[in-house]
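These notes are about the structure you will find just below.
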Amino acid sequence: MEIAERPSSSVWIGWSAGVVCALAAGAVAARLAVRHGYGGSGLVATIAALVLLLLPYFLLGTTDLPARLATWMGTRRAHTLILVALPLVPYFICASGTRTVSGIAILKLVGLALLPLALLLWADRAGSPPRLLDGLAVLAVWLPHELGWLRDIWLWPAGGSGYALNEILGVDLTVILFVSIRRLEGVGYSLAVRRGDLREAIWNLLMFACIAIPLGRWTGFIAPAHVPSSVLEFASQFAGIFLAIAVPEELLFRGLMQNLLGKLIPSRYALVVASVIFGLSHLNNGPAPDWRYVVLASIAGFFYGRAYQRSGSLMAACLVHAGVDTIWREVFR
């Protein structure tokens with residue numbers, strides 16, 4: 001993977017934008033935490049860890065960092081082991097400040113990086129993707145999050161709010177593993193939103209709403225909210241969902257699963273299969289399995305995947321996803 005030459009001003013803008021976005025998101029998170037009564041060294045340490053994880057999250061999508069990492073890691077395979085530091089450094093900062101250091105958590109974080117790394121390096125020897133080992137690496141990235149194995153990593157604050165750090169970390173690891181190390185084409189991870197992305201997002205959101213709202217009301221799965229949210233609350237909810245839910249899930253189900261399936265079977269079938277897998281992944285999203293949720297999530301996944309397929313960018317799919325989840329939470333219950 002070669003690094004294309006860019007004007008210095010363009011490079012500076014991309015890196016500056018990534019840093020500013022990471023710092024701004026950290027500042028917003030800190031302000032919200034203070035408003036909810038959190039403070040002290042625990043808050044400082046957690047926000048510091050969050051910003052450290054957000055820096056690669058944004059820079060990987062606003063600069064040519066994935067290509068630069070690919071070149072650097074390609075010179076010596078031993079360089080790939082630096083990937084283990086990505087989760088461990090912020091973890092030690094957070095856990096030390098909150099006095100929640102755990103040997104089990106450290107082992108889980110090391111495994112989260114090393115297992116998919118080993119599978120992808122093995123797959124790389126076998127040839128270009130897709131390979132069976134690529135699929136196993138996807139599972140190694142996905143299942144720890146899906147099955148809740150990482151819920152005891154970030155123990156502060158109480159109540160599980162720190163789990164969002166796992167989602168940010170998951171994006172960082174996934175992009176570096178599959179784009180920089182495995183060099184998988186078509187992932188589409190770029191935080192730049194083009195006019196075509198907006199067009200696809202709006203159109204697919206409207207099409208989904210025309211199906212999901214009547215179906216959800218008919219099945220009793222959704223009901224109108226009694227207290228409408230303010231514009232500020234709606235915008236805040238959208239931003240949080242976009243960063244911590246839409247981007248991680250679309251990177252997995254569209255950028256990896258649908259993308260890899262599309263290299264094996266016709267794209268229209270890959271879209272359907274990835275959508276069904278996405279729907280089935282929602283079986284455990286509640287106190288009990290709810291097939292209404294699975295059906296609606298599968299339909300939603302179809303339109304997320306359609307936006308990704310037609311735009312070639314994850315951003316279109318992420319915008320639809322964030323729009324759907326925000327409307328569901330803020331307009332329906």
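Ordering of the structure tokens sets the chain letters (A, B, ...); residue numbers start at 1 within each chain; ligands are numbered from 1 in the order shown.
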
Show me, as a CSV table (one decimal) with C-alpha atoms, in the first residue's frame, the residues that have an atom within 7 Å of Gly279 (chain A) when counting only C-alpha atoms, minus same-chain residues fewer than 4 positions from it.
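Final output, result.csv:
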chain,number,residue,atom,x,y,z
A,275,SER,CA,-28.6,-7.9,7.2
A,294,VAL,CA,-34.8,-9.3,15.1
A,295,VAL,CA,-37.1,-8.7,12.1
A,297,ALA,CA,-33.2,-4.9,12.9
A,298,SER,CA,-32.8,-7.1,9.8
A,301,GLY,CA,-29.6,-3.7,8.3

### Task
Write out as number ranges by chain which residues come within 10 Å of Tyr189 (chain A) when counting only C-alpha atoms, dropping same-chain ones fewer than 2 positions away.
A: 60-62, 66, 171, 175, 179, 186-187, 191-192, 247, 250-251, 255, 312-315

### Task
Could you please determine the separation between CA of Pro129 (chain A) and CA of His79 (chain A) in Å, to one decimal place?
21.7 Å

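For the choices A:Pro144, A:Gly42, A:Pro116, A:Gly111, the atom-to-atom distance to Cys94 (chain A) is smallest for A:Gly42 when using only C-alpha atoms.
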
### Query
Looking at only C-alpha atoms, which of A:Pro56, A:Val84, A:Asp152, A:Leu65 is the one that sits closest to Cys21 (chain A)?
A:Pro56

Got a sec: who's within 9 Å of Leu198 (chain A), counting only C-alpha atoms, leaving out chain neighbours fewer than 3 positions off, as a PDB file with N, CA and C atoms, in the first residue's frame?
ATOM      1  N   VAL A 193     -17.778  13.142   5.192  1.00  0.00           N
ATOM      2  CA  VAL A 193     -19.141  12.926   4.698  1.00  0.00           C
ATOM      3  C   VAL A 193     -19.315  13.697   3.389  1.00  0.00           C
ATOM      4  N   ARG A 194     -19.564  12.973   2.314  1.00  0.00           N
ATOM      5  CA  ARG A 194     -19.736  13.579   1.005  1.00  0.00           C
ATOM      6  C   ARG A 194     -21.214  13.834   0.744  1.00  0.00           C
ATOM      7  N   ARG A 195     -21.476  14.634  -0.289  1.00  0.00           N
ATOM      8  CA  ARG A 195     -22.868  14.937  -0.636  1.00  0.00           C
ATOM      9  C   ARG A 195     -23.625  13.654  -0.971  1.00  0.00           C
ATOM     10  N   ALA A 201     -28.040   8.451   2.725  1.00  0.00           N
ATOM     11  CA  ALA A 201     -28.493   8.323   4.103  1.00  0.00           C
ATOM     12  C   ALA A 201     -29.952   8.765   4.242  1.00  0.00           C
ATOM     13  N   ILE A 202     -30.273   9.911   3.688  1.00  0.00           N
ATOM     14  CA  ILE A 202     -31.637  10.432   3.801  1.00  0.00           C
ATOM     15  C   ILE A 202     -32.628   9.523   3.088  1.00  0.00           C
ATOM     16  N   TRP A 203     -32.285   9.094   1.881  1.00  0.00           N
ATOM     17  CA  TRP A 203     -33.185   8.271   1.095  1.00  0.00           C
ATOM     18  C   TRP A 203     -33.428   6.922   1.769  1.00  0.00           C
ATOM     19  N   MET A 315     -19.823   5.975   6.022  1.00  0.00           N
ATOM     20  CA  MET A 315     -20.492   7.130   6.606  1.00  0.00           C
ATOM     21  C   MET A 315     -21.970   7.182   6.254  1.00  0.00           C
ATOM     22  N   ALA A 316     -22.319   6.796   5.031  1.00  0.00           N
ATOM     23  CA  ALA A 316     -23.729   6.788   4.647  1.00  0.00           C
ATOM     24  C   ALA A 316     -24.501   5.818   5.531  1.00  0.00           C
ATOM     25  N   LEU A 319     -24.789   7.150   9.158  1.00  0.00           N
ATOM     26  CA  LEU A 319     -25.776   8.220   9.296  1.00  0.00           C
ATOM     27  C   LEU A 319     -27.191   7.650   9.359  1.00  0.00           C
TER      28      LEU A 319
END

### Query
Near Leu256 (chain A), counting only C-alpha atoms, which residues have an atom at most 12 Å away, once you skip same-chain residues fewer than 5 positions from it, shown as a VMD selection string?
chain A and resid 129 to 130 134 to 139 141 to 142 171 174 to 175 177 to 179 182 to 189 248 to 251 261 to 263 270 to 271 274 305 308 314

### Query
Could you pull out the helix (DSSP H, G or I) residues of region 55-303 of chain A from DSSP and send them as a VMD selection string?
chain A and resid 55 to 62 65 to 75 77 to 98 103 to 126 132 to 146 161 to 181 195 to 219 231 to 262 267 to 280 291 to 303

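Distances to Asn285 (chain A) were evaluated for A:Leu115, A:Val101, A:Leu147, A:Ala29 using only C-alpha atoms, and the minimum falls at A:Leu147.
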
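Using only C-alpha atoms, the contacts of Leu243 (chain A) at a cut-off of 9 Å, with sequence neighbours closer than 3 positions omitted, comprise Glu167, Ile168, Phe238, Ala239, Gly240, Ala246, Val247, Pro248, Cys318 and Ala322 of chain A.
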
Keeping only N, CA and C atoms, write the selected residues as a PDB file, in the first residue's frame.
ATOM      1  N   GLU A 167     -16.271   0.149  22.766  1.00  0.00           N
ATOM      2  CA  GLU A 167     -16.715   0.360  21.390  1.00  0.00           C
ATOM      3  C   GLU A 167     -15.712   1.221  20.623  1.00  0.00           C
ATOM      4  N   ILE A 168     -15.198   2.255  21.278  1.00  0.00           N
ATOM      5  CA  ILE A 168     -14.188   3.110  20.641  1.00  0.00           C
ATOM      6  C   ILE A 168     -12.918   2.302  20.380  1.00  0.00           C
ATOM      7  N   PHE A 238     -27.979  11.883  19.035  1.00  0.00           N
ATOM      8  CA  PHE A 238     -27.524  11.471  17.709  1.00  0.00           C
ATOM      9  C   PHE A 238     -25.999  11.345  17.676  1.00  0.00           C
ATOM     10  N   ALA A 239     -25.297  12.345  18.223  1.00  0.00           N
ATOM     11  CA  ALA A 239     -23.828  12.328  18.205  1.00  0.00           C
ATOM     12  C   ALA A 239     -23.277  11.153  18.995  1.00  0.00           C
ATOM     13  N   GLY A 240     -23.849  10.899  20.176  1.00  0.00           N
ATOM     14  CA  GLY A 240     -23.387   9.788  21.001  1.00  0.00           C
ATOM     15  C   GLY A 240     -23.623   8.441  20.332  1.00  0.00           C
ATOM     16  N   ALA A 246     -23.239   3.438  16.045  1.00  0.00           N
ATOM     17  CA  ALA A 246     -23.350   3.317  14.588  1.00  0.00           C
ATOM     18  C   ALA A 246     -22.021   2.991  13.923  1.00  0.00           C
ATOM     19  N   VAL A 247     -20.986   3.744  14.236  1.00  0.00           N
ATOM     20  CA  VAL A 247     -19.685   3.507  13.590  1.00  0.00           C
ATOM     21  C   VAL A 247     -19.132   2.120  13.931  1.00  0.00           C
ATOM     22  N   PRO A 248     -19.093   1.709  15.220  1.00  0.00           N
ATOM     23  CA  PRO A 248     -18.584   0.364  15.513  1.00  0.00           C
ATOM     24  C   PRO A 248     -19.382  -0.749  14.831  1.00  0.00           C
ATOM     25  N   CYS A 318     -23.597   4.705   8.502  1.00  0.00           N
ATOM     26  CA  CYS A 318     -23.566   5.183   9.894  1.00  0.00           C
ATOM     27  C   CYS A 318     -24.607   6.277  10.135  1.00  0.00           C
ATOM     28  N   ALA A 322     -27.489   5.865  12.838  1.00  0.00           N
ATOM     29  CA  ALA A 322     -27.633   6.827  13.940  1.00  0.00           C
ATOM     30  C   ALA A 322     -28.992   7.507  13.885  1.00  0.00           C
TER      31      ALA A 322
END

### Point-to-point distance in Å for CA of Pro266 (chain A) and CA of Leu205 (chain A)
24.1 Å
